[in-house]
>>> print(open('entry_9.cif').read())   # mmCIF, C-alpha atoms
data_data
loop_
_atom_site.label_atom_id
_atom_site.label_comp_id
_atom_site.auth_asym_id
_atom_site.auth_seq_id
_atom_site.Cartn_x
_atom_site.Cartn_y
_atom_site.Cartn_z
CA MET A 1182 -54.41 -67.70 -24.13
CA LYS A 1183 -54.62 -68.37 -20.40
CA THR A 1184 -57.87 -67.70 -18.56
CA GLN A 1185 -56.17 -65.18 -16.26
CA SER A 1186 -54.94 -63.15 -19.25
CA VAL A 1187 -58.41 -63.13 -20.79
CA LEU A 1188 -59.97 -61.98 -17.51
CA PHE A 1189 -57.31 -59.28 -17.11
CA ILE A 1190 -57.83 -57.90 -20.62
CA THR A 1191 -61.61 -58.00 -20.16
CA ALA A 1192 -61.37 -56.13 -16.85
CA ILE A 1193 -59.17 -53.41 -18.38
CA ALA A 1194 -61.52 -53.03 -21.33
CA LEU A 1195 -64.50 -52.74 -18.99
CA LEU A 1196 -62.74 -50.09 -16.90
CA LEU A 1197 -61.93 -48.09 -20.02
CA ALA A 1198 -65.55 -48.27 -21.19
CA ILE A 1199 -67.18 -47.24 -17.90
CA PRO A 1200 -67.63 -43.52 -18.78
CA PHE A 1201 -69.50 -44.55 -21.93
CA LEU A 1202 -71.71 -47.06 -20.14
CA LEU A 1203 -72.67 -45.30 -16.91
CA SER A 1204 -74.15 -41.98 -15.82
CA GLN A 1205 -71.98 -39.22 -14.38
CA GLY A 1206 -73.11 -40.09 -10.87
CA LEU A 1207 -72.01 -43.68 -11.29
CA VAL A 1208 -68.72 -42.54 -12.82
CA ASP A 1209 -68.13 -40.56 -9.60
CA ALA A 1210 -68.81 -43.75 -7.67
CA ALA A 1211 -66.34 -45.60 -9.93
CA ILE A 1212 -63.67 -43.02 -9.10
CA GLN A 1213 -64.20 -43.64 -5.38
CA MET A 1214 -64.05 -47.39 -6.00
CA LEU A 1215 -60.69 -47.03 -7.77
CA ILE A 1216 -59.25 -44.89 -4.97
CA ALA A 1217 -60.50 -47.33 -2.32
CA ALA A 1218 -58.99 -50.22 -4.30
CA LEU A 1219 -55.55 -48.56 -4.38
CA PHE A 1220 -55.74 -47.69 -0.69
CA ALA A 1221 -56.65 -51.29 0.17
CA SER A 1222 -53.82 -52.64 -2.01
CA ALA A 1223 -51.32 -50.36 -0.28
CA TYR A 1224 -52.63 -51.46 3.11
CA ASN A 1225 -52.48 -55.12 2.11
CA LEU A 1226 -48.75 -54.79 1.41
CA LEU A 1227 -48.28 -54.03 5.09
CA CYS A 1228 -50.97 -56.27 6.55
CA GLY A 1229 -51.21 -59.21 4.15
CA GLN A 1230 -47.66 -59.36 2.81
CA ALA A 1231 -45.70 -58.36 5.93
CA GLY A 1232 -48.22 -59.44 8.57
CA MET A 1233 -48.34 -56.05 10.34
CA LEU A 1234 -51.90 -55.08 11.29
CA SER A 1235 -52.26 -51.30 11.27
CA PHE A 1236 -55.27 -49.58 12.80
CA GLY A 1237 -54.30 -46.06 11.73
CA HIS A 1238 -53.55 -46.12 8.01
CA ALA A 1239 -55.83 -43.14 7.40
CA ALA A 1240 -52.99 -40.95 8.68
CA TYR A 1241 -50.90 -41.59 5.54
CA PHE A 1242 -53.90 -41.31 3.25
CA GLY A 1243 -54.64 -37.92 4.83
CA MET A 1244 -51.04 -36.73 4.70
CA GLY A 1245 -50.92 -37.54 1.01
CA ALA A 1246 -54.16 -35.66 0.51
CA PHE A 1247 -52.96 -32.49 2.24
CA ALA A 1248 -49.57 -32.62 0.51
CA THR A 1249 -51.41 -32.75 -2.81
CA VAL A 1250 -53.82 -29.92 -2.03
CA HIS A 1251 -50.93 -27.66 -0.95
CA ALA A 1252 -49.05 -28.56 -4.15
CA MET A 1253 -52.13 -27.75 -6.24
CA ASN A 1254 -52.40 -24.31 -4.63
CA ALA A 1255 -48.68 -23.56 -4.75
CA LEU A 1256 -47.89 -24.71 -8.29
CA ASP A 1257 -51.23 -24.08 -10.05
CA GLY A 1258 -50.84 -27.27 -12.05
CA THR A 1259 -47.93 -25.90 -14.07
CA GLY A 1260 -44.16 -26.21 -14.14
CA LEU A 1261 -42.51 -29.44 -13.05
CA LEU A 1262 -45.70 -30.76 -11.45
CA PRO A 1263 -48.71 -30.35 -13.76
CA THR A 1264 -52.11 -31.63 -12.72
CA PRO A 1265 -51.58 -35.23 -13.94
CA PHE A 1266 -48.48 -35.49 -11.72
CA MET A 1267 -50.08 -33.99 -8.60
CA PRO A 1268 -50.48 -37.40 -6.87
CA LEU A 1269 -46.67 -37.49 -6.71
CA ALA A 1270 -46.92 -34.84 -4.00
CA GLY A 1271 -49.22 -37.22 -2.13
CA ALA A 1272 -46.64 -39.98 -2.56
CA VAL A 1273 -43.93 -37.79 -1.05
CA GLY A 1274 -46.17 -36.71 1.84
CA GLY A 1275 -47.20 -40.26 2.65
CA LEU A 1276 -43.64 -41.54 2.31
CA LEU A 1277 -42.05 -38.94 4.60
CA PHE A 1278 -44.66 -39.33 7.31
CA GLY A 1279 -44.57 -43.09 6.88
CA ILE A 1280 -40.82 -43.18 7.52
CA VAL A 1281 -41.20 -41.23 10.76
CA ALA A 1282 -44.26 -43.11 11.99
CA GLY A 1283 -42.87 -46.45 10.81
CA TYR A 1284 -39.64 -45.96 12.74
CA PHE A 1285 -41.50 -45.80 16.04
CA SER A 1286 -44.33 -48.22 15.19
CA THR A 1287 -42.11 -51.07 14.01
CA LYS A 1288 -40.10 -51.11 17.22
CA ARG A 1289 -42.90 -53.32 18.51
CA SER A 1290 -44.92 -56.06 16.88
CA GLY A 1291 -48.33 -57.69 17.18
CA THR A 1292 -50.90 -55.95 19.31
CA TYR A 1293 -48.43 -53.28 20.46
CA PHE A 1294 -47.69 -52.33 16.85
CA ALA A 1295 -51.41 -52.04 16.08
CA MET A 1296 -51.99 -49.84 19.12
CA ILE A 1297 -49.08 -47.54 18.24
CA THR A 1298 -50.42 -47.04 14.69
CA LEU A 1299 -53.85 -46.27 16.13
CA ALA A 1300 -52.37 -43.80 18.61
CA ILE A 1301 -50.41 -41.99 15.86
CA ALA A 1302 -53.52 -41.67 13.70
CA GLU A 1303 -55.61 -40.39 16.60
CA LEU A 1304 -52.88 -37.93 17.53
CA VAL A 1305 -52.84 -36.52 14.01
CA HIS A 1306 -56.66 -36.42 13.94
CA ALA A 1307 -56.69 -34.45 17.22
CA LEU A 1308 -53.95 -32.00 16.18
CA ALA A 1309 -55.18 -31.33 12.64
CA PRO A 1310 -58.01 -28.90 13.57
CA GLN A 1311 -55.55 -26.88 15.66
CA LEU A 1312 -52.88 -26.55 12.93
CA LYS A 1313 -54.90 -24.29 10.65
CA ASP A 1314 -52.03 -23.22 8.42
CA MET A 1315 -51.29 -26.82 7.52
CA PHE A 1316 -54.72 -28.46 7.62
CA GLY A 1317 -57.13 -25.54 7.27
CA GLY A 1318 -58.99 -26.00 10.55
CA GLU A 1319 -62.65 -26.99 10.50
CA SER A 1320 -63.24 -25.81 6.92
CA GLY A 1321 -60.24 -27.59 5.43
CA ILE A 1322 -58.38 -26.46 2.30
CA SER A 1323 -59.74 -26.11 -1.22
CA ALA A 1324 -57.95 -26.19 -4.55
CA MET A 1325 -58.71 -26.29 -8.27
CA ARG A 1326 -57.64 -28.67 -11.00
CA MET A 1327 -55.79 -26.66 -13.62
CA PRO A 1328 -55.59 -27.48 -17.36
CA ALA A 1329 -52.55 -29.38 -18.58
CA TRP A 1330 -51.43 -31.27 -21.69
CA GLY A 1331 -54.53 -30.11 -23.58
CA PHE A 1332 -56.95 -31.43 -20.97
CA THR A 1333 -59.09 -29.17 -18.80
CA PHE A 1334 -59.79 -31.81 -16.12
CA GLY A 1335 -63.11 -30.08 -15.66
CA SER A 1336 -65.19 -33.12 -16.55
CA THR A 1337 -65.78 -36.22 -14.50
CA ASN A 1338 -64.64 -38.46 -17.36
CA GLU A 1339 -61.21 -36.83 -17.55
CA VAL A 1340 -60.77 -37.18 -13.79
CA TYR A 1341 -61.86 -40.82 -14.04
CA TYR A 1342 -59.25 -41.67 -16.67
CA LEU A 1343 -56.54 -39.82 -14.73
CA THR A 1344 -57.47 -41.79 -11.61
CA LEU A 1345 -57.60 -45.05 -13.58
CA VAL A 1346 -54.09 -44.56 -14.98
CA TRP A 1347 -52.65 -43.81 -11.55
CA VAL A 1348 -54.45 -46.72 -9.89
CA LEU A 1349 -53.42 -49.26 -12.53
CA LEU A 1350 -49.82 -48.03 -12.50
CA SER A 1351 -49.64 -48.07 -8.68
CA ILE A 1352 -51.17 -51.54 -8.37
CA ALA A 1353 -48.76 -52.82 -11.04
CA LEU A 1354 -45.80 -51.36 -9.10
CA LEU A 1355 -47.08 -52.94 -5.89
CA PHE A 1356 -47.35 -56.29 -7.64
CA LEU A 1357 -43.82 -55.98 -9.04
CA PHE A 1358 -42.55 -55.12 -5.57
CA THR A 1359 -43.98 -58.36 -4.19
CA ARG A 1360 -41.90 -60.22 -6.81
CA THR A 1361 -38.60 -58.57 -5.88
CA PRO A 1362 -36.17 -60.08 -3.33
CA LEU A 1363 -37.16 -57.36 -0.87
CA GLY A 1364 -40.82 -58.15 -1.43
CA ARG A 1365 -40.13 -61.82 -0.79
CA LEU A 1366 -38.35 -60.93 2.44
CA THR A 1367 -41.51 -59.25 3.70
CA LEU A 1368 -43.14 -62.67 3.75
CA GLY A 1369 -40.47 -63.64 6.28
CA LEU A 1370 -41.59 -60.78 8.51
CA ARG A 1371 -45.06 -62.31 8.51
CA GLU A 1372 -44.03 -65.94 8.92
CA ASN A 1373 -40.98 -65.82 11.21
CA ALA A 1374 -39.23 -62.53 11.95
CA HIS A 1375 -36.96 -64.23 14.50
CA ARG A 1376 -35.65 -66.53 11.76
CA LEU A 1377 -34.86 -63.54 9.54
CA ARG A 1378 -33.00 -61.88 12.39
CA PHE A 1379 -31.05 -65.08 13.01
CA LEU A 1380 -30.03 -65.13 9.33
CA GLY A 1381 -28.53 -61.67 9.72
CA TYR A 1382 -31.24 -59.39 8.33
CA ASN A 1383 -32.06 -56.10 10.02
CA THR A 1384 -35.78 -56.73 10.54
CA HIS A 1385 -36.42 -53.26 11.98
CA ARG A 1386 -35.00 -51.57 8.89
CA LEU A 1387 -36.92 -53.96 6.65
CA SER A 1388 -40.14 -53.24 8.53
CA ILE A 1389 -39.61 -49.48 8.16
CA MET A 1390 -39.09 -49.86 4.41
CA VAL A 1391 -42.27 -51.88 3.94
CA PHE A 1392 -44.21 -49.49 6.18
CA ALA A 1393 -42.94 -46.47 4.23
CA ILE A 1394 -43.76 -48.00 0.83
CA SER A 1395 -47.27 -48.84 2.00
CA ALA A 1396 -47.66 -45.29 3.33
CA MET A 1397 -46.37 -43.86 0.03
CA PHE A 1398 -49.00 -45.63 -2.05
CA SER A 1399 -51.63 -44.71 0.53
CA GLY A 1400 -50.52 -41.11 0.01
CA ILE A 1401 -51.06 -41.51 -3.74
CA ALA A 1402 -54.60 -42.67 -3.01
CA GLY A 1403 -55.11 -39.61 -0.81
CA GLY A 1404 -53.73 -37.38 -3.57
CA LEU A 1405 -56.18 -38.85 -6.06
CA GLN A 1406 -58.97 -38.17 -3.59
CA VAL A 1407 -58.01 -34.48 -3.52
CA VAL A 1408 -57.70 -34.29 -7.31
CA SER A 1409 -61.21 -35.71 -7.51
CA ASN A 1410 -62.83 -33.58 -4.78
CA GLU A 1411 -60.64 -30.45 -5.06
CA ALA A 1412 -60.62 -30.17 -1.27
CA ALA A 1413 -59.17 -31.80 1.83
CA ASN A 1414 -60.45 -31.79 5.40
CA TYR A 1415 -59.09 -33.18 8.66
CA VAL A 1416 -61.92 -35.74 8.52
CA LEU A 1417 -59.56 -37.70 6.27
CA PHE A 1418 -57.69 -38.66 9.44
CA ASP A 1419 -60.81 -40.04 11.10
CA ALA A 1420 -60.76 -43.55 12.53
CA HIS A 1421 -63.66 -44.68 10.32
CA LEU A 1422 -61.39 -44.43 7.26
CA SER A 1423 -58.77 -46.61 8.95
CA ALA A 1424 -61.49 -49.09 9.90
CA ALA A 1425 -62.90 -49.07 6.37
CA VAL A 1426 -59.61 -50.08 4.75
CA VAL A 1427 -59.20 -52.93 7.24
CA LEU A 1428 -62.75 -54.09 6.54
CA ASN A 1429 -62.33 -53.84 2.76
CA THR A 1430 -59.05 -55.73 2.81
CA TYR A 1431 -60.29 -58.63 4.91
CA ILE A 1432 -63.61 -58.94 3.09
CA GLY A 1433 -61.76 -59.08 -0.22
CA GLY A 1434 -59.17 -61.54 1.06
CA VAL A 1435 -56.02 -60.50 2.87
CA GLY A 1436 -54.11 -63.52 1.57
CA SER A 1437 -54.58 -62.58 -2.10
CA PHE A 1438 -52.97 -59.70 -3.97
CA LEU A 1439 -56.14 -58.69 -5.83
CA GLY A 1440 -58.48 -59.65 -2.99
CA PRO A 1441 -58.37 -56.19 -1.34
CA VAL A 1442 -59.05 -54.59 -4.74
CA LEU A 1443 -62.18 -56.70 -5.07
CA GLY A 1444 -63.26 -56.08 -1.48
CA ALA A 1445 -62.75 -52.31 -1.66
CA SER A 1446 -64.61 -52.05 -4.97
CA VAL A 1447 -67.56 -54.13 -3.79
CA MET A 1448 -67.88 -52.44 -0.39
CA THR A 1449 -67.52 -48.92 -1.82
CA PHE A 1450 -70.24 -49.59 -4.36
CA PHE A 1451 -72.32 -51.23 -1.63
CA GLY A 1452 -72.08 -48.12 0.52
CA TYR A 1453 -72.88 -45.88 -2.45
CA ALA A 1454 -75.93 -47.92 -3.45
CA VAL A 1455 -77.34 -48.75 -0.02
CA SER A 1456 -76.63 -45.60 2.01
CA ASP A 1457 -79.53 -43.76 0.34
CA LEU A 1458 -81.91 -46.67 0.92
CA THR A 1459 -81.44 -47.35 4.61
CA GLN A 1460 -80.04 -45.75 7.73
CA SER A 1461 -78.58 -49.08 8.83
CA TRP A 1462 -76.11 -49.55 5.99
CA LEU A 1463 -73.13 -49.45 8.37
CA LEU A 1464 -74.74 -52.27 10.33
CA TYR A 1465 -74.93 -54.31 7.13
CA GLN A 1466 -71.23 -53.69 6.50
CA GLY A 1467 -70.35 -54.76 10.02
CA THR A 1468 -72.55 -57.84 9.79
CA LEU A 1469 -70.96 -58.81 6.48
CA PHE A 1470 -67.48 -58.42 7.98
CA VAL A 1471 -68.37 -60.66 10.93
CA LEU A 1472 -69.86 -63.31 8.65
CA VAL A 1473 -66.81 -63.28 6.39
CA MET A 1474 -64.45 -63.68 9.34
CA MET A 1475 -66.53 -66.53 10.77
CA PHE A 1476 -67.38 -68.54 7.66
CA MET A 1477 -65.16 -67.24 4.83
CA PRO A 1478 -61.81 -66.16 6.34
CA THR A 1479 -60.18 -66.18 2.90
CA GLY A 1480 -62.63 -63.49 1.74
CA LEU A 1481 -64.25 -63.01 -1.65
CA ALA A 1482 -61.03 -63.87 -3.46
CA GLY A 1483 -60.90 -67.16 -1.57
CA ILE A 1484 -64.44 -68.01 -2.70
CA ILE A 1485 -63.54 -67.32 -6.33
CA ALA A 1486 -60.37 -69.40 -6.02
CA SER A 1487 -62.33 -72.26 -4.44
CA LEU A 1488 -64.90 -72.17 -7.24
CA GLY A 1489 -62.09 -72.21 -9.78
CA GLY A 1490 -60.52 -75.24 -8.10
CA LEU A 1491 -63.84 -77.08 -7.96
CA HIS A 1492 -64.46 -76.25 -11.63
CA LYS A 1493 -61.17 -77.82 -12.66
CA ARG A 1494 -61.79 -80.79 -10.40
CA PHE A 1495 -65.41 -81.65 -11.15
CA GLY A 1496 -66.44 -79.69 -14.25
CA VAL A 1497 -69.26 -77.26 -14.98
CA ALA A 1498 -72.10 -79.78 -14.94
CA SER A 1499 -71.27 -81.10 -11.48
CA LEU A 1500 -70.65 -77.59 -10.13
CA ALA A 1501 -73.90 -76.05 -11.39
CA PRO A 1502 -76.14 -77.41 -8.58
CA LEU A 1503 -73.66 -76.10 -6.00
CA VAL A 1504 -73.72 -72.61 -7.51
CA VAL A 1505 -77.52 -72.57 -7.76
CA LEU A 1506 -78.00 -73.76 -4.17
CA SER A 1507 -75.40 -71.27 -2.86
CA VAL A 1508 -76.94 -68.32 -4.69
CA ILE A 1509 -80.46 -69.18 -3.52
CA SER A 1510 -79.20 -69.63 0.03
CA ALA A 1511 -77.40 -66.28 -0.01
CA LEU A 1512 -80.45 -64.46 -1.40
CA LEU A 1513 -82.85 -65.99 1.12
CA LEU A 1514 -80.55 -65.37 4.08
CA SER A 1515 -79.96 -61.79 2.92
CA ALA A 1516 -83.71 -61.18 2.51
CA GLY A 1517 -84.51 -62.59 5.95
CA GLY A 1518 -81.72 -60.67 7.64
CA THR A 1519 -82.69 -57.44 5.87
CA PHE A 1520 -86.30 -57.86 6.97
CA VAL A 1521 -85.32 -58.30 10.63
CA ILE A 1522 -82.85 -55.39 10.64
CA GLU A 1523 -85.19 -52.95 8.91
CA MET A 1524 -88.13 -53.88 11.15
CA LEU A 1525 -86.09 -53.46 14.32
CA GLN A 1526 -84.55 -50.22 13.06
CA ARG A 1527 -87.99 -48.74 12.54
CA MET A 1528 -89.40 -50.12 15.81
CA LEU A 1529 -86.52 -48.66 17.83
CA SER A 1530 -86.49 -45.29 16.09
CA GLN A 1531 -87.52 -42.26 18.09
CA ASN A 1532 -90.29 -41.34 15.64
CA TYR A 1533 -91.92 -44.74 15.92
CA GLN A 1534 -91.64 -44.76 19.70
CA SER A 1535 -93.32 -41.35 19.83
CA LEU A 1536 -96.06 -42.53 17.51
CA ALA A 1537 -96.62 -45.67 19.60
CA SER A 1538 -96.92 -43.61 22.78
CA LEU A 1539 -99.72 -41.55 21.22
CA GLN A 1540 -101.78 -44.58 20.26
CA THR A 1541 -104.86 -45.13 22.39
CA ALA A 1542 -105.17 -48.76 21.36
CA THR A 1543 -103.00 -51.42 22.93
CA ARG A 1544 -101.50 -52.73 19.70
CA TRP A 1545 -98.48 -51.09 18.10
CA PRO A 1546 -98.84 -49.12 14.85
CA ASP A 1547 -98.17 -50.94 11.62
CA ILE A 1548 -94.77 -50.49 9.98
CA LEU A 1549 -94.49 -49.74 6.27
CA LEU A 1550 -91.75 -51.89 4.76
CA PHE A 1551 -91.19 -53.02 1.16
CA GLY A 1552 -94.43 -51.35 0.11
CA GLN A 1553 -96.58 -53.22 2.62
CA SER A 1554 -97.81 -52.64 6.18
CA TRP A 1555 -96.60 -55.10 8.81
CA PRO A 1556 -98.08 -55.30 12.33
CA PRO A 1557 -95.02 -55.76 14.58
CA ALA A 1558 -97.00 -57.58 17.28
CA SER A 1559 -98.31 -60.21 14.87
CA ILE A 1560 -96.70 -63.64 14.70
CA SER A 1561 -97.37 -63.80 10.96
CA THR A 1562 -95.08 -60.81 10.46
CA TRP A 1563 -92.10 -62.51 12.04
CA LEU A 1564 -92.85 -65.84 10.38
CA VAL A 1565 -91.77 -64.25 7.10
CA PRO A 1566 -88.10 -63.65 8.03
CA ILE A 1567 -87.97 -66.85 10.07
CA SER A 1568 -89.12 -68.83 7.02
CA LEU A 1569 -86.64 -67.07 4.76
CA LEU A 1570 -83.75 -67.68 7.14
CA ALA A 1571 -84.74 -71.32 7.71
CA VAL A 1572 -85.06 -72.15 4.01
CA GLY A 1573 -81.82 -70.28 3.28
CA ALA A 1574 -80.01 -72.27 5.96
CA VAL A 1575 -81.36 -75.52 4.50
CA MET A 1576 -80.16 -74.51 1.03
CA GLY A 1577 -76.74 -73.71 2.42
CA TYR A 1578 -76.62 -77.11 4.13
CA LEU A 1579 -77.60 -78.83 0.87
CA ALA A 1580 -74.84 -76.95 -0.96
CA LYS A 1581 -72.31 -78.16 1.59
CA GLN A 1582 -73.61 -81.72 1.28
CA TRP A 1583 -73.35 -81.53 -2.50
CA VAL A 1584 -69.64 -80.80 -2.19
CA GLN A 1585 -69.26 -83.86 0.03
CA ILE A 1586 -71.13 -85.95 -2.54
CA LEU A 1587 -68.81 -84.79 -5.31
CA ILE A 1588 -65.76 -85.63 -3.20
CA GLN A 1589 -67.13 -89.08 -2.42
CA ARG A 1590 -67.87 -89.71 -6.11
CA GLU A 1591 -64.33 -88.73 -6.99
CA ALA A 1592 -62.92 -91.02 -4.31
CA LEU A 1593 -65.03 -93.97 -5.48
CA LYS A 1594 -64.05 -93.33 -9.09
CA SER A 1595 -60.39 -93.22 -8.11
CA GLU A 1596 -60.69 -96.48 -6.18
CA SER A 1597 -62.46 -98.12 -9.14
CA ASN A 1598 -59.77 -97.02 -11.56
CA GLN A 1599 -57.08 -98.27 -9.21
CA SER A 1600 -58.81 -101.66 -8.91
CA GLU A 1601 -59.12 -101.97 -12.70
CA LYS A 1602 -55.44 -101.13 -13.06
CA GLU A 1603 -54.49 -103.81 -10.55
CA VAL A 1604 -56.61 -106.43 -12.34
CA VAL A 1605 -55.00 -105.59 -15.68
CA GLU A 1606 -51.54 -105.91 -14.17
#
>>> encode(input="entry_9.cif", output="structure tokens")
Amino acid sequence: MKTQSVLFITAIALLLAIPFLLSQGLVDAAIQMLIAALFASAYNLLCGQAGMLSFGHAAYFGMGAFATVHAMNALDGTGLLPTPFMPLAGAVGGLLFGIVAGYFSTKRSGTYFAMITLAIAELVHALAPQLKDMFGGESGISAMRMPAWGFTFGSTNEVYYLTLVWVLLSIALLFLFTRTPLGRLTLGLRENAHRLRFLGYNTHRLSIMVFAISAMFSGIAGGLQVVSNEAANYVLFDAHLSAAVVLNTYIGGVGSFLGPVLGASVMTFFGYAVSDLTQSWLLYQGTLFVLVMMFMPTGLAGIIASLGGLHKRFGVASLAPLVVLSVISALLLSAGGTFVIEMLQRMLSQNYQSLASLQTATRWPDILLFGQSWPPASISTWLVPISLLAVGAVMGYLAKQWVQILIQREALKSESNQSEKEVVE
């Protein structure tokens, strides 16, 4: 059995076992990770596959959410659209709005396209509080999950499995779409739209179709969000949600189909785990995004693919030092960066500034961090992060040099084999 098949089966088994392995709070976090993964996959169809960078994809996520919440209130989870099928209403809402918005957005490309998508999302975000019948005003709209098919959908585990089924099915359909002739044509939009037009294709119509399909699956993600939360608010149209899906997609790897799934899952869990520990968690997300764009433009999926290629090329024994050095480097750099950020966040906070102004002594008050007091004016305090960052940088340099050593060894071995072959001949 191929390694990819084994990994796929293992991942599915792990997803099915999550409610039995984790607490209810973590299961809630897993639901949000699944929804974020689907949203990122839908966005990647437009951005990664077709090369159209959208800055306002929250509009279609939100439209799907409000279409679902209205369907839940109107149909009560019975009839032709029981509770398990409610995300279909989100698909219709996202699709219809995506067709309209896509028609205007795709008349331009590049930066102009991105600005139009941002303008549409901001327009919807501004109008939503005023259209109370449709979006519920400031308080939003609430709904209830109704029983269906013998399930009450009152427990977190039932909602998790419903979300899991929809996410897996949607991601599978997105993958199949990328393998169709139409899906292959979207690569032409990214690589050379002028060439497609020269060959006789209607690129505007093709762009609208891709845009609408991406919006439809974004609407499904929004519908799942409403099924989970039983409420929808105009905050779903906020720009931070559009920015989050861009960040998740690029951190995961915009050039890989499953890269955005990985990025969205990791970053959603990161926000869930870190937001209660520090007020600067958004700064960490932004810093991580900048570092990925600077040093790892292929994202997390690119790193995994590179490790897989090196494993096949050099073997486990030769790759082990590289992995150890890279992990140590990442941990040290993360520790040093965290120390600096947390110290500065506390020093610049209003409470600390007020406390410092009340001190009669000249030195600043100590800062409690990681269970220890640190005098901010002391050189020894700042030597700690400087040392961590310096050693981490050295470890990263050694990891890079180890790769060069492996390549040189392979080249010398190849030359030696070639020489032996020539002598034999």
>>> closest_residue(input="entry_9.cif", among="A:Phe1236, A:Gly1400, A:Ser1222, A:Phe1294", to="Gly1275 in chain A", atoms="only C-alpha atoms")
A:Gly1400
>>> resolve_selection(input="entry_9.cif", expression="the PyMOL selection byres ((chain A and resi 1297) around 9)", output="PDB file with C-alpha atoms, in the coordinates of the input")
ATOM      1  CA  SER A1235     -52.260 -51.300  11.270  1.00  0.00           C
ATOM      2  CA  PHE A1236     -55.270 -49.580  12.800  1.00  0.00           C
ATOM      3  CA  GLY A1237     -54.300 -46.060  11.730  1.00  0.00           C
ATOM      4  CA  PHE A1285     -41.500 -45.800  16.040  1.00  0.00           C
ATOM      5  CA  SER A1286     -44.330 -48.220  15.190  1.00  0.00           C
ATOM      6  CA  THR A1287     -42.110 -51.070  14.010  1.00  0.00           C
ATOM      7  CA  ARG A1289     -42.900 -53.320  18.510  1.00  0.00           C
ATOM      8  CA  THR A1292     -50.900 -55.950  19.310  1.00  0.00           C
ATOM      9  CA  TYR A1293     -48.430 -53.280  20.460  1.00  0.00           C
ATOM     10  CA  PHE A1294     -47.690 -52.330  16.850  1.00  0.00           C
ATOM     11  CA  ALA A1295     -51.410 -52.040  16.080  1.00  0.00           C
ATOM     12  CA  MET A1296     -51.990 -49.840  19.120  1.00  0.00           C
ATOM     13  CA  THR A1298     -50.420 -47.040  14.690  1.00  0.00           C
ATOM     14  CA  LEU A1299     -53.850 -46.270  16.130  1.00  0.00           C
ATOM     15  CA  ALA A1300     -52.370 -43.800  18.610  1.00  0.00           C
ATOM     16  CA  ILE A1301     -50.410 -41.990  15.860  1.00  0.00           C
ATOM     17  CA  ALA A1302     -53.520 -41.670  13.700  1.00  0.00           C
TER      18      ALA A1302
END
>>> atom_distance(input="entry_9.cif", atom1="CA of His1385 in chain A", atom2="CA of Ala1240 in chain A")
20.9 Å
>>> resolve_selection(input="entry_9.cif", expression="the PyMOL selection byres ((chain A and resi 1406) around 10)", output="short mmCIF file (atom, residue, chain, number, x, y, z; two decimals) with C-alpha atoms, in the frame of the given file")
data_model
loop_
_atom_site.label_atom_id
_atom_site.label_comp_id
_atom_site.auth_asym_id
_atom_site.auth_seq_id
_atom_site.Cartn_x
_atom_site.Cartn_y
_atom_site.Cartn_z
CA ILE A 1212 -63.67 -43.02 -9.10
CA GLN A 1213 -64.20 -43.64 -5.38
CA LEU A 1215 -60.69 -47.03 -7.77
CA ILE A 1216 -59.25 -44.89 -4.97
CA ALA A 1217 -60.50 -47.33 -2.32
CA PHE A 1242 -53.90 -41.31 3.25
CA GLY A 1243 -54.64 -37.92 4.83
CA GLY A 1245 -50.92 -37.54 1.01
CA ALA A 1246 -54.16 -35.66 0.51
CA THR A 1249 -51.41 -32.75 -2.81
CA VAL A 1250 -53.82 -29.92 -2.03
CA PRO A 1268 -50.48 -37.40 -6.87
CA GLY A 1271 -49.22 -37.22 -2.13
CA THR A 1344 -57.47 -41.79 -11.61
CA GLY A 1400 -50.52 -41.11 0.01
CA ILE A 1401 -51.06 -41.51 -3.74
CA ALA A 1402 -54.60 -42.67 -3.01
CA GLY A 1403 -55.11 -39.61 -0.81
CA GLY A 1404 -53.73 -37.38 -3.57
CA LEU A 1405 -56.18 -38.85 -6.06
CA VAL A 1407 -58.01 -34.48 -3.52
CA VAL A 1408 -57.70 -34.29 -7.31
CA SER A 1409 -61.21 -35.71 -7.51
CA ASN A 1410 -62.83 -33.58 -4.78
CA GLU A 1411 -60.64 -30.45 -5.06
CA ALA A 1412 -60.62 -30.17 -1.27
CA ALA A 1413 -59.17 -31.80 1.83
CA LEU A 1417 -59.56 -37.70 6.27
#
>>> closest_residue(input="entry_9.cif", among="A:Val1346, A:Leu1587, A:Pro1265, A:Gly1364", to="Gly1496 in chain A", atoms="only C-alpha atoms")
A:Leu1587
>>> atom_distance(input="entry_9.cif", atom1="CA of Leu1570 in chain A", atom2="CA of Met1477 in chain A")
18.7 Å
>>> closest_atom_pairs(input="entry_9.cif", of="range 1330-1421 of chain A", to="range 1194-1206 of chain A", cutoff="10 Å", atoms="all atoms listed in the file", output="Markdown table")
| residue | atom | partner | partner_atom | distance |
| --- | --- | --- | --- | --- |
| A:Ser1336 | CA | A:Gln1205 | CA | 9.4 |
| A:Thr1337 | CA | A:Gln1205 | CA | 6.9 |
| A:Asn1338 | CA | A:Pro1200 | CA | 6.0 |
| A:Glu1339 | CA | A:Pro1200 | CA | 9.4 |
| A:Tyr1341 | CA | A:Pro1200 | CA | 7.9 |
| A:Tyr1342 | CA | A:Leu1197 | CA | 7.7 |
| A:Leu1345 | CA | A:Leu1196 | CA | 7.9 |
| A:Val1346 | CA | A:Leu1197 | CA | 10.0 |
>>> closest_residue(input="entry_9.cif", among="A:Ile1560, A:Ile1280, A:Leu1428, A:Leu1227", to="Leu1355 in chain A", atoms="all atoms listed in the file")
A:Leu1227
>>> residues_around(input="entry_9.cif", residues="range 1370-1373 of chain A", least_positions_apart="3", cutoff="7 Å", atoms="only C-alpha atoms", output="tab-separated table (two decimals) with C-alpha atoms, in the frame of the given file")
chain	number	residue	atom	x	y	z
A	1230	GLN	CA	-47.66	-59.36	2.81
A	1231	ALA	CA	-45.70	-58.36	5.93
A	1232	GLY	CA	-48.22	-59.44	8.57
A	1366	LEU	CA	-38.35	-60.93	2.44
A	1367	THR	CA	-41.51	-59.25	3.70
A	1376	ARG	CA	-35.65	-66.53	11.76
A	1377	LEU	CA	-34.86	-63.54	9.54
